[in-house]
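For reference, the structure discussed in these notes is given below.
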Amino acid sequence: MRMIDRDEVRARLTYEVCIPLVRAAMIAFSQGQTRQHLRSILPLGEKGVFGIMPGALGEGEVFGAKLISVFPGNFAKGIQSHQGVVVLFDGESGAPVCIAHAGEITAIRTAAASAVATDALARPEAHRLAILGYGEQALTHARAMMHVRPISAITAWGRDPGRAQAFAASVSGELGVPASACADAQTCVAEADIICAVTNAHDPILFGRWLRPGTHVNLAGASGVRPAEADNDLVAMSRFIADSREGVLAQSGEFLNAKAAGLVDASHVVGEIGQVLAGDLAGRQSPEQITVYKSLGHVVQDLAAAKALYELGLAPAG
């Protein structure tokens, strides 16, 4: 059985590789070609959660599962918050063929999915990026956005001003784009065309009244029925696109909060990003419209990434 560690994932799963993979996986998902269950999440007290995500890429295709723990406190220790493995099985024999580092795959494919959604939903001329958060997903999202829009300026915010400043300096140095840390979230998003919310906030840190017309928002941090990065007004005022409509209706804190407040119903989740990508659903309908992509993350993204890594490893050198 092949083992793919974090370093190999980082080296091989570039955004040039991962963005097209995720795009194809989400189209296949929305067209019913893949199979998967909703995530099963086991709370582990105050430290974190353990998630199990099974799925299959299609008839005769690879299948498997991601086993992942999420310990937000790890960030302060300098280690990944997501720890686990993606286990890949051969679609013909049913044999396990590969185990890959799930934390690194998750970091890259989540940002790649937001990039795919941004390419489909953001205005073509969008170039000012705001990032709420300064952890691993903040860095991967900054990198990924560079592949789909001509980003010319980045603003960042986080609860610790020193860490936000260090993140902005690091991103600016790596990407060659001016980046600055903001004292508050409202200032951070005030001039943004694209917003990536990638925090572990339990209560909203992004409010609809702050947004300019035409803004696109990726909500990629909160991934449970309780946590919510955006307020009810932002959900209600936006064209709300899901990675999985079934998943968002059952497990998105932002949507469920707005629904409980009586501001939206199930029809407000107009569809899935895979439908937009396939041309079956309109994405942005006007330059002034605010669009939201709600990302919960789905195992078909992980399996597509693990399959690509496995096949790249089998290819002869040179």
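Letters for chains follow the order of the structure tokens (A, B, ...), residue numbers begin at 1 for each chain, and ligand numbers begin at 1 in the order shown.
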Please run DSSP on the backbone and report, as a ChimeraX atom specification, all residues within segment 158-265 of chain A that come out as strand (DSSP E). /A:179-181,194-197,216-219,239-242
Write out, as a PDB file, in the first residue's frame, the residues just selected, with N, CA and C atoms.
```
ATOM      1  N   ALA A 179      -0.092  43.728   1.116  1.00  0.00           N
ATOM      2  CA  ALA A 179      -1.022  43.153   2.094  1.00  0.00           C
ATOM      3  C   ALA A 179      -0.893  43.913   3.395  1.00  0.00           C
ATOM      4  N   SER A 180      -2.019  44.185   4.011  1.00  0.00           N
ATOM      5  CA  SER A 180      -2.013  44.933   5.264  1.00  0.00           C
ATOM      6  C   SER A 180      -2.979  44.315   6.257  1.00  0.00           C
ATOM      7  N   ALA A 181      -2.636  44.403   7.532  1.00  0.00           N
ATOM      8  CA  ALA A 181      -3.505  43.935   8.607  1.00  0.00           C
ATOM      9  C   ALA A 181      -4.397  45.079   9.067  1.00  0.00           C
ATOM     10  N   ILE A 194     -13.658  40.478  -3.028  1.00  0.00           N
ATOM     11  CA  ILE A 194     -13.724  39.056  -2.666  1.00  0.00           C
ATOM     12  C   ILE A 194     -13.382  38.950  -1.190  1.00  0.00           C
ATOM     13  N   ILE A 195     -14.189  38.206  -0.442  1.00  0.00           N
ATOM     14  CA  ILE A 195     -13.934  37.980   0.978  1.00  0.00           C
ATOM     15  C   ILE A 195     -13.840  36.481   1.220  1.00  0.00           C
ATOM     16  N   CYS A 196     -12.794  36.062   1.904  1.00  0.00           N
ATOM     17  CA  CYS A 196     -12.655  34.675   2.341  1.00  0.00           C
ATOM     18  C   CYS A 196     -12.704  34.649   3.863  1.00  0.00           C
ATOM     19  N   ALA A 197     -13.743  34.049   4.421  1.00  0.00           N
ATOM     20  CA  ALA A 197     -13.858  33.879   5.871  1.00  0.00           C
ATOM     21  C   ALA A 197     -13.379  32.481   6.219  1.00  0.00           C
ATOM     22  N   HIS A 216     -18.240  39.185  -3.580  1.00  0.00           N
ATOM     23  CA  HIS A 216     -18.370  37.726  -3.475  1.00  0.00           C
ATOM     24  C   HIS A 216     -17.734  37.264  -2.171  1.00  0.00           C
ATOM     25  N   VAL A 217     -18.418  36.339  -1.470  1.00  0.00           N
ATOM     26  CA  VAL A 217     -17.968  35.851  -0.164  1.00  0.00           C
ATOM     27  C   VAL A 217     -17.820  34.342  -0.192  1.00  0.00           C
ATOM     28  N   ASN A 218     -16.679  33.855   0.253  1.00  0.00           N
ATOM     29  CA  ASN A 218     -16.474  32.426   0.496  1.00  0.00           C
ATOM     30  C   ASN A 218     -16.532  32.190   2.000  1.00  0.00           C
ATOM     31  N   LEU A 219     -17.521  31.428   2.450  1.00  0.00           N
ATOM     32  CA  LEU A 219     -17.626  31.053   3.865  1.00  0.00           C
ATOM     33  C   LEU A 219     -17.059  29.644   4.001  1.00  0.00           C
ATOM     34  N   ARG A 239     -27.160  35.871  -2.975  1.00  0.00           N
ATOM     35  CA  ARG A 239     -27.452  34.680  -3.770  1.00  0.00           C
ATOM     36  C   ARG A 239     -26.581  33.583  -3.186  1.00  0.00           C
ATOM     37  N   PHE A 240     -27.213  32.598  -2.566  1.00  0.00           N
ATOM     38  CA  PHE A 240     -26.542  31.656  -1.675  1.00  0.00           C
ATOM     39  C   PHE A 240     -26.347  30.325  -2.398  1.00  0.00           C
ATOM     40  N   ILE A 241     -25.077  30.019  -2.702  1.00  0.00           N
ATOM     41  CA  ILE A 241     -24.709  28.809  -3.442  1.00  0.00           C
ATOM     42  C   ILE A 241     -23.952  27.869  -2.510  1.00  0.00           C
ATOM     43  N   ALA A 242     -24.298  26.588  -2.541  1.00  0.00           N
ATOM     44  CA  ALA A 242     -23.686  25.591  -1.662  1.00  0.00           C
ATOM     45  C   ALA A 242     -22.699  24.725  -2.424  1.00  0.00           C
TER      46      ALA A 242
END
```
So that I can see what lies close to Gly84 of chain A, please list as an MDAnalysis selection string the residues with an atom at most 9 Å from it, counting only C-alpha atoms and leaving out residues fewer than 5 positions away in the same chain. chainID A and resid 66:70 100:103
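For the choices A:Ala190, A:Ala28, A:Leu57, A:Leu234, the atom-to-atom distance to Glu254 of chain A is smallest for A:Leu234 when using only C-alpha atoms.
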For His127 of chain A: contacts at 9 Å, only C-alpha atoms, fewer than 6 positions along chain excluded, given as a short mmCIF file (atom, residue, chain, number, x, y, z; two decimals) with N, CA, C and O atoms, in the first residue's frame:
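Result went into around-v5.cif, see below:
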```cif
data_model
loop_
_atom_site.label_atom_id
_atom_site.label_comp_id
_atom_site.auth_asym_id
_atom_site.auth_seq_id
_atom_site.Cartn_x
_atom_site.Cartn_y
_atom_site.Cartn_z
N ARG A 149 -8.13 35.30 -10.10
CA ARG A 149 -8.40 36.72 -10.27
C ARG A 149 -7.09 37.50 -10.15
O ARG A 149 -6.16 37.06 -9.45
N PRO A 150 -7.02 38.67 -10.80
CA PRO A 150 -5.79 39.48 -10.75
C PRO A 150 -5.69 40.26 -9.44
O PRO A 150 -5.85 41.48 -9.41
N ILE A 151 -5.43 39.55 -8.36
CA ILE A 151 -5.42 40.18 -7.03
C ILE A 151 -4.30 41.22 -6.95
O ILE A 151 -3.13 40.93 -7.21
N SER A 152 -4.69 42.45 -6.59
CA SER A 152 -3.72 43.54 -6.52
C SER A 152 -3.51 44.06 -5.10
O SER A 152 -2.57 44.83 -4.86
N ALA A 153 -4.39 43.66 -4.17
CA ALA A 153 -4.26 44.12 -2.77
C ALA A 153 -4.98 43.13 -1.86
O ALA A 153 -6.04 42.60 -2.22
N ILE A 154 -4.38 42.90 -0.70
CA ILE A 154 -4.95 41.97 0.28
C ILE A 154 -5.03 42.66 1.63
O ILE A 154 -4.07 43.30 2.07
N ALA A 192 -13.42 45.45 -0.17
CA ALA A 192 -13.12 44.16 -0.79
C ALA A 192 -14.09 43.82 -1.92
O ALA A 192 -15.28 44.12 -1.85
N ASP A 193 -13.56 43.18 -2.94
CA ASP A 193 -14.37 42.57 -4.00
C ASP A 193 -14.63 41.10 -3.69
O ASP A 193 -15.65 40.55 -4.09
N ILE A 194 -13.66 40.48 -3.03
CA ILE A 194 -13.72 39.06 -2.67
C ILE A 194 -13.38 38.95 -1.19
O ILE A 194 -12.39 39.52 -0.73
#
```
Residues within 12 Å of Glu272 of chain A, please, as a PyMOL selection string. Count only C-alpha atoms; anything in the same chain fewer than 6 positions from it doesn't count. chain A and resi 23+26-32+117+120-121+239-249+278-283+292-296
Any idea what the distance is between atom CA of Thr34 of chain A and atom CA of Met53 of chain A? 13.3 Å
